[in-house]
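Trainee: See structure_18.cif below, with mmCIF, C-alpha atoms.
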data_coords
loop_
_atom_site.label_atom_id
_atom_site.label_comp_id
_atom_site.auth_asym_id
_atom_site.auth_seq_id
_atom_site.Cartn_x
_atom_site.Cartn_y
_atom_site.Cartn_z
CA MET A 1 107.25 84.68 122.04
CA LYS A 2 110.29 85.57 124.13
CA LYS A 3 113.09 86.16 121.64
CA ILE A 4 112.28 87.03 118.05
CA LEU A 5 114.22 87.16 114.77
CA VAL A 6 112.77 89.55 112.17
CA THR A 7 113.84 89.44 108.51
CA GLY A 8 113.24 92.42 106.25
CA ALA A 9 113.30 94.59 109.36
CA LEU A 10 113.90 97.87 107.50
CA GLY A 11 110.86 97.46 105.26
CA GLN A 12 107.44 99.04 105.64
CA ILE A 13 106.12 96.53 108.19
CA GLY A 14 109.43 95.71 109.86
CA SER A 15 110.31 99.33 110.63
CA GLU A 16 107.33 99.59 112.97
CA LEU A 17 106.97 95.97 114.05
CA VAL A 18 110.53 95.74 115.41
CA MET A 19 110.10 98.85 117.56
CA LYS A 20 106.77 97.64 118.96
CA LEU A 21 108.18 94.19 119.70
CA ARG A 22 111.17 95.75 121.49
CA GLU A 23 108.80 97.88 123.54
CA ILE A 24 106.84 94.78 124.60
CA TYR A 25 109.50 92.07 124.88
CA GLY A 26 112.65 94.09 125.54
CA ALA A 27 115.15 95.62 123.13
CA ASN A 28 117.69 92.81 123.41
CA ASN A 29 115.04 90.16 122.71
CA VAL A 30 114.25 91.30 119.16
CA VAL A 31 116.96 90.60 116.56
CA ALA A 32 116.42 92.74 113.47
CA THR A 33 117.96 91.68 110.15
CA ASP A 34 117.98 93.14 106.65
CA ILE A 35 120.06 92.94 103.49
CA ARG A 36 121.29 96.48 104.15
CA GLU A 37 122.12 98.70 107.09
CA ALA A 38 120.70 102.19 107.58
CA ASP A 39 120.84 105.12 109.97
CA ASN A 40 117.64 103.98 111.61
CA GLU A 41 116.41 103.28 115.14
CA VAL A 42 115.73 99.67 114.12
CA VAL A 43 119.50 99.31 113.71
CA THR A 44 120.57 101.35 116.73
CA SER A 45 118.01 100.38 119.38
CA GLY A 46 118.78 96.66 119.64
CA PRO A 47 120.53 93.69 118.02
CA PHE A 48 120.88 94.05 114.24
CA GLU A 49 122.54 91.80 111.67
CA ILE A 50 123.03 92.02 107.91
CA LEU A 51 121.22 89.07 106.30
CA ASN A 52 120.42 88.09 102.75
CA VAL A 53 117.53 85.66 103.22
CA LEU A 54 118.88 83.52 100.38
CA GLU A 55 121.85 82.67 102.63
CA ALA A 56 120.29 79.79 104.53
CA ASN A 57 123.34 78.94 106.63
CA LYS A 58 123.76 82.52 107.82
CA MET A 59 120.08 82.73 108.77
CA ALA A 60 120.41 79.53 110.78
CA ASP A 61 123.58 80.80 112.44
CA ILE A 62 121.91 84.04 113.53
CA ALA A 63 118.93 82.16 114.95
CA LYS A 64 121.17 79.80 116.90
CA ARG A 65 123.57 82.46 118.22
CA HIS A 66 120.75 84.60 119.51
CA GLN A 67 118.74 81.60 120.74
CA VAL A 68 115.48 82.88 119.28
CA ASP A 69 112.17 81.07 119.70
CA THR A 70 110.27 82.87 116.93
CA ILE A 71 110.92 83.95 113.33
CA MET A 72 108.91 86.74 111.72
CA HIS A 73 109.79 86.51 108.04
CA LEU A 74 108.96 89.79 106.28
CA ALA A 75 111.62 90.00 103.55
CA ALA A 76 109.97 90.06 100.09
CA LEU A 77 109.59 91.89 96.81
CA LEU A 78 106.17 93.58 96.60
CA SER A 79 103.58 93.39 93.83
CA ALA A 80 104.61 95.96 91.22
CA THR A 81 108.33 95.35 91.77
CA ALA A 82 107.79 91.60 91.53
CA GLU A 83 105.86 91.93 88.27
CA ALA A 84 108.70 93.92 86.75
CA ASN A 85 111.21 91.18 87.63
CA PRO A 86 109.30 87.91 88.16
CA GLN A 87 112.29 85.56 88.28
CA LEU A 88 114.01 87.62 90.97
CA ALA A 89 110.71 87.79 92.87
CA TRP A 90 110.36 84.00 92.81
CA ASN A 91 113.94 83.52 94.01
CA ILE A 92 113.62 85.98 96.89
CA ASN A 93 110.01 85.44 97.91
CA MET A 94 109.99 81.65 97.73
CA GLY A 95 113.67 80.91 98.34
CA GLY A 96 113.77 83.17 101.38
CA LEU A 97 110.56 81.70 102.75
CA MET A 98 111.81 78.13 102.34
CA ASN A 99 115.05 79.00 104.13
CA ALA A 100 113.17 80.62 107.01
CA LEU A 101 110.78 77.68 107.33
CA GLU A 102 113.69 75.25 107.39
CA VAL A 103 115.33 77.19 110.23
CA ALA A 104 112.02 77.13 112.09
CA ARG A 105 111.73 73.38 111.54
CA GLU A 106 115.29 72.59 112.60
CA GLU A 107 115.23 74.83 115.67
CA HIS A 108 111.58 74.22 116.67
CA LEU A 109 110.60 77.88 116.36
CA GLN A 110 107.24 79.63 116.11
CA PHE A 111 106.85 81.19 112.67
CA PHE A 112 105.02 84.13 111.10
CA THR A 113 104.98 85.40 107.53
CA PRO A 114 102.42 87.70 105.91
CA SER A 115 100.38 86.80 102.87
CA SER A 116 98.34 89.38 100.96
CA ILE A 117 95.08 90.11 99.21
CA GLY A 118 97.32 89.67 96.16
CA ALA A 119 96.83 85.94 96.70
CA PHE A 120 93.37 86.37 95.20
CA GLY A 121 92.71 86.77 91.47
CA PRO A 122 90.12 87.90 88.91
CA SER A 123 88.00 84.77 89.39
CA THR A 124 87.82 85.23 93.18
CA PRO A 125 84.49 86.66 94.48
CA LYS A 126 85.09 90.43 94.50
CA ASP A 127 82.85 91.53 97.38
CA ASN A 128 83.07 90.22 100.93
CA THR A 129 85.66 87.71 99.70
CA PRO A 130 85.48 84.58 101.91
CA GLN A 131 88.35 83.25 104.00
CA ASP A 132 88.31 80.02 101.99
CA THR A 133 87.69 80.61 98.29
CA LEU A 134 89.10 80.27 94.79
CA GLN A 135 92.64 81.65 94.49
CA ARG A 136 93.98 82.01 90.94
CA PRO A 137 96.18 85.15 90.96
CA THR A 138 97.55 86.51 87.70
CA THR A 139 100.71 88.17 89.11
CA MET A 140 104.02 86.68 90.20
CA TYR A 141 103.55 88.28 93.62
CA GLY A 142 100.16 86.62 93.94
CA VAL A 143 101.53 83.25 92.82
CA ASN A 144 104.28 83.61 95.43
CA LYS A 145 101.74 84.36 98.15
CA VAL A 146 99.46 81.43 97.33
CA ALA A 147 102.46 79.11 97.20
CA GLY A 148 103.67 80.56 100.49
CA GLU A 149 100.32 79.98 102.18
CA LEU A 150 100.35 76.36 101.05
CA LEU A 151 103.99 75.89 102.06
CA CYS A 152 103.31 77.19 105.57
CA ASP A 153 100.30 74.88 105.87
CA TYR A 154 102.52 72.01 104.70
CA TYR A 155 105.22 72.73 107.29
CA PHE A 156 102.59 72.72 110.02
CA ALA A 157 100.92 69.51 108.84
CA LYS A 158 104.13 67.65 107.93
CA PHE A 159 106.61 68.85 110.54
CA GLY A 160 104.50 70.45 113.28
CA VAL A 161 106.00 73.92 112.78
CA ASP A 162 103.77 76.50 114.50
CA THR A 163 103.21 78.59 111.38
CA ARG A 164 100.84 81.56 111.42
CA GLY A 165 100.00 84.35 108.99
CA VAL A 166 97.52 86.94 107.74
CA ARG A 167 96.49 88.23 104.32
CA PHE A 168 97.31 91.89 104.59
CA PRO A 169 95.49 94.48 102.50
CA GLY A 170 97.21 97.72 101.49
CA LEU A 171 99.13 99.02 104.49
CA ILE A 172 99.36 102.74 105.19
CA SER A 173 102.25 104.13 107.24
CA TYR A 174 104.03 107.40 107.93
CA VAL A 175 107.25 105.72 109.13
CA ALA A 176 108.72 103.90 106.11
CA PRO A 177 108.36 105.13 102.51
CA PRO A 178 106.37 103.12 99.92
CA GLY A 179 108.17 100.02 98.69
CA GLY A 180 106.85 99.05 95.26
CA GLY A 181 103.30 97.96 96.05
CA THR A 182 100.11 98.48 94.07
CA THR A 183 98.46 100.17 97.06
CA ASP A 184 101.32 102.66 97.52
CA TYR A 185 99.17 105.51 96.22
CA ALA A 186 97.36 105.41 99.56
CA VAL A 187 100.61 106.39 101.28
CA GLU A 188 101.91 108.79 98.65
CA ILE A 189 98.67 110.78 98.64
CA TYR A 190 99.26 111.98 102.21
CA TYR A 191 102.85 113.04 101.51
CA GLU A 192 101.80 115.02 98.45
CA ALA A 193 98.79 116.54 100.19
CA LEU A 194 101.14 118.11 102.73
CA ARG A 195 103.94 118.98 100.30
CA ASN A 196 102.05 120.21 97.25
CA LYS A 197 98.32 120.20 98.07
CA LYS A 198 97.74 117.92 95.09
CA TYR A 199 98.32 114.33 93.98
CA THR A 200 98.11 112.38 90.73
CA SER A 201 96.89 108.86 91.40
CA PHE A 202 98.22 105.94 89.37
CA ILE A 203 95.09 103.98 90.39
CA GLY A 204 91.81 104.92 88.70
CA LYS A 205 88.77 106.50 90.31
CA GLY A 206 86.28 103.98 91.67
CA THR A 207 88.90 101.26 92.17
CA TYR A 208 88.12 99.78 95.57
CA MET A 209 90.79 97.98 97.59
CA ASP A 210 91.08 96.95 101.21
CA MET A 211 93.38 99.03 103.39
CA MET A 212 94.66 99.06 106.97
CA TYR A 213 96.62 101.54 109.07
CA MET A 214 99.96 100.18 110.20
CA PRO A 215 99.29 100.34 113.97
CA ASP A 216 96.34 97.99 113.44
CA ALA A 217 98.49 95.69 111.28
CA ILE A 218 101.19 95.50 113.96
CA ASP A 219 98.61 94.78 116.66
CA ALA A 220 97.13 92.02 114.49
CA ILE A 221 100.50 90.26 114.10
CA ILE A 222 101.19 90.32 117.83
CA ARG A 223 97.68 89.26 118.80
CA LEU A 224 97.75 86.32 116.37
CA MET A 225 101.18 85.18 117.57
CA GLU A 226 100.14 85.37 121.22
CA THR A 227 96.91 83.41 120.70
CA ASP A 228 96.76 79.89 122.12
CA ALA A 229 97.36 77.46 119.26
CA GLY A 230 94.32 75.42 120.24
CA ARG A 231 92.01 78.25 119.14
CA LEU A 232 93.31 78.35 115.59
CA ILE A 233 91.51 76.48 112.85
CA HIS A 234 93.08 78.14 109.81
CA ARG A 235 96.46 79.11 111.31
CA ASN A 236 97.76 80.75 108.11
CA ALA A 237 96.52 83.46 105.77
CA PHE A 238 93.70 84.96 107.82
CA ASN A 239 91.79 87.68 105.97
CA VAL A 240 92.32 91.01 107.78
CA SER A 241 91.24 94.52 106.78
CA ALA A 242 90.01 97.79 108.23
CA MET A 243 88.37 99.57 105.29
CA SER A 244 87.45 99.18 101.62
CA VAL A 245 88.22 102.45 99.83
CA ALA A 246 88.86 104.02 96.43
CA PRO A 247 91.13 107.01 95.68
CA GLU A 248 88.29 109.53 95.83
CA HIS A 249 87.55 108.51 99.43
CA PHE A 250 91.08 109.50 100.44
CA GLU A 251 90.53 112.79 98.61
CA ALA A 252 87.36 113.54 100.57
CA ALA A 253 88.96 112.63 103.91
CA ILE A 254 92.03 114.78 103.25
CA LYS A 255 89.92 117.76 102.12
CA LYS A 256 88.42 117.94 105.60
CA HIS A 257 91.89 118.91 106.84
CA ILE A 258 93.35 120.52 103.69
CA PRO A 259 90.40 122.05 101.79
CA GLU A 260 92.54 123.14 98.83
CA PHE A 261 93.79 119.60 98.15
CA THR A 262 93.09 118.30 94.64
CA LEU A 263 93.29 114.77 93.22
CA GLN A 264 94.02 113.98 89.59
CA TYR A 265 94.47 110.68 87.78
CA LYS A 266 97.13 109.28 85.47
CA VAL A 267 96.49 105.56 85.53
CA ASP A 268 99.46 103.17 85.41
CA PRO A 269 98.20 100.22 83.31
CA LEU A 270 100.34 97.65 85.15
CA ARG A 271 99.28 98.60 88.67
CA GLN A 272 95.68 99.23 87.62
CA LYS A 273 95.49 95.75 86.15
CA ILE A 274 96.88 94.29 89.36
CA ALA A 275 94.41 96.30 91.46
CA GLU A 276 91.45 95.17 89.37
CA SER A 277 92.44 91.53 89.89
CA TRP A 278 92.10 91.92 93.66
CA PRO A 279 88.93 91.94 95.80
CA ASN A 280 86.90 95.08 96.48
CA SER A 281 86.39 93.95 100.09
CA ILE A 282 87.19 90.86 102.15
CA ASP A 283 85.44 88.97 104.94
CA THR A 284 87.44 88.99 108.21
CA THR A 285 85.07 86.77 110.24
CA ALA A 286 87.53 83.89 110.72
CA ALA A 287 90.20 86.19 112.19
CA LYS A 288 87.66 87.77 114.54
CA GLN A 289 86.33 84.41 115.72
CA GLU A 290 89.62 82.51 116.05
CA TRP A 291 91.91 85.11 117.62
CA GLY A 292 89.90 88.24 118.30
CA PHE A 293 91.04 90.39 115.40
CA THR A 294 89.92 94.01 115.68
CA THR A 295 90.94 97.43 114.39
CA ARG A 296 91.02 100.91 115.93
CA TYR A 297 91.35 103.10 112.84
CA ASP A 298 88.80 103.89 110.16
CA LEU A 299 89.53 106.22 107.22
CA GLU A 300 88.71 109.42 109.10
CA LYS A 301 90.73 108.57 112.20
CA MET A 302 93.66 107.29 110.13
CA THR A 303 93.71 110.41 107.95
CA ALA A 304 93.84 112.73 110.95
CA ASP A 305 96.69 110.75 112.48
CA MET A 306 98.63 110.38 109.21
CA LEU A 307 98.51 114.10 108.46
CA GLU A 308 99.51 115.01 112.00
CA LYS A 309 102.44 112.56 112.17
CA LEU A 310 103.63 113.21 108.62
CA SER A 311 103.50 116.98 109.16
CA VAL A 312 105.94 116.61 112.05
CA LYS A 313 108.15 114.22 110.06
CA LEU A 314 108.33 116.46 106.99
CA THR A 315 109.08 119.53 109.12
CA LYS A 316 112.05 117.72 110.69
CA ASN A 317 113.35 116.65 107.29
#
Go ahead and render the structure in this file as structure tokens.

Mentor:
Amino acid sequence: MKKILVTGALGQIGSELVMKLREIYGANNVVATDIREADNEVVTSGPFEILNVLEANKMADIAKRHQVDTIMHLAALLSATAEANPQLAWNINMGGLMNALEVAREEHLQFFTPSSIGAFGPSTPKDNTPQDTLQRPTTMYGVNKVAGELLCDYYFAKFGVDTRGVRFPGLISYVAPPGGGTTDYAVEIYYEALRNKKYTSFIGKGTYMDMMYMPDAIDAIIRLMETDAGRLIHRNAFNVSAMSVAPEHFEAAIKKHIPEFTLQYKVDPLRQKIAESWPNSIDTTAAKQEWGFTTRYDLEKMTADMLEKLSVKLTKN
């Protein structure tokens, strides 16, 4: 990677990925795009363009003008938002992906897009879910992700596009606010712990899901994209994760720093149903073997860092 175009750059992943890429590759070599503009360092620290990913010609024009060699396609509607408006989710998640893949094909670009543990379903093995296994999701988001995995594999096999991707678990970040995902409680809980010393979880006690701290997610993207193509067997949709946790585990970790913190539950049936259709834990062996995937943060280390960074952020605001 030398010059990179990022779609959905103001989202949860993009907000941190763009800044890390600019740090590594140079500010002018990372072109951030989003459907909106914001008073944000992603916009002010390097090239930024307004882009609706459904506008294929504009996406191609931006890629050509900036002479990029890589597309990182992040623009998407997340799980709960997608379930509330499935037709819009299909149009954005699949239409945008197809447009980005076509630009990559026409311009001979390296390509990354994230999949998700949402690509699994109720009939998938729940514990230590294999890299290659049954995928029958019951949400529009999950259907989009499975279709996207297959589409990326197709563009590699049919056209030789250097497509790569990971299946992200819930991502936890102090930079961007939650964006409509089923795992958002794992971000919100830290905000509320600092603001109000209490939180009401919309996910039920004992509901395990895989999670990862955003710095580890960003490192995983860059490491995968920098790996020699000859090492990759799967190429797309590598299982990655750092921890398998339920809401009460966050409660215990936070209490070590804020002893008066309390956790209550008011389960949202929609998001609970989605969560229960996903694995409890996934097997990351393929990612470790093929491109050296590793993580630095466990729950305890992540909690300490989240509370420290969020405390500073909330004080400034």

Trainee: Nearest residue to Phe238 (chain A) out of A:Met211, A:Ile117, A:Met140, A:Leu263, using all atoms listed in the file?

Mentor: A:Ile117

Trainee: Could you list, as a PyMOL selection string, every residue within 9 Å of Ile221 (chain A), counting all atoms listed in the file and ignoring same-chain residues fewer than 3 positions away?

Mentor: chain A and resi 17+112+114+165-166+216-218+224-226

Trainee: Evaluate the PyMOL selection byres ((chain A and resi 80-86) around 6) and record the selected residues as a VMD selection string, following the chain and residue labels used in the document.

Mentor: chain A and resid 77 to 79 87 to 89 140 to 141 180 to 182

Trainee: On this structure, the PyMOL selection byres ((chain A and resi 205) around 10) would catch which residues? List them as a list in words, sorted by chain and number.

Mentor: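 That expression, the PyMOL selection byres ((chain A and resi 205) around 10), corresponds here to Ser201, Phe202, Ile203, Gly204, Gly206, Thr207, Tyr208, Ala246, Pro247, Glu248, His249, Leu263, Gln264, Tyr265 and Val267 of chain A.
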
Trainee: List the spatial neighbours of Leu310 (chain A) as a PyMOL selection string - criterion: any atom at most 8 Å away, all atoms listed in the file, same-chain residues fewer than 3 positions off excluded.

Mentor: chain A and resi 174+190-191+306-307+313-314

Trainee: Just say which residues the PyMOL selection byres ((chain A and resi 199) around 8) picks in this file, as a VMD selection string.

Mentor: chain A and resid 189 192 to 193 196 to 198 200 to 201 262 to 264

Trainee: What separation in Å, quoted to one decimal, exists between CA of Ala76 (chain A) and CA of Met302 (chain A)?

Mentor: 25.8 Å
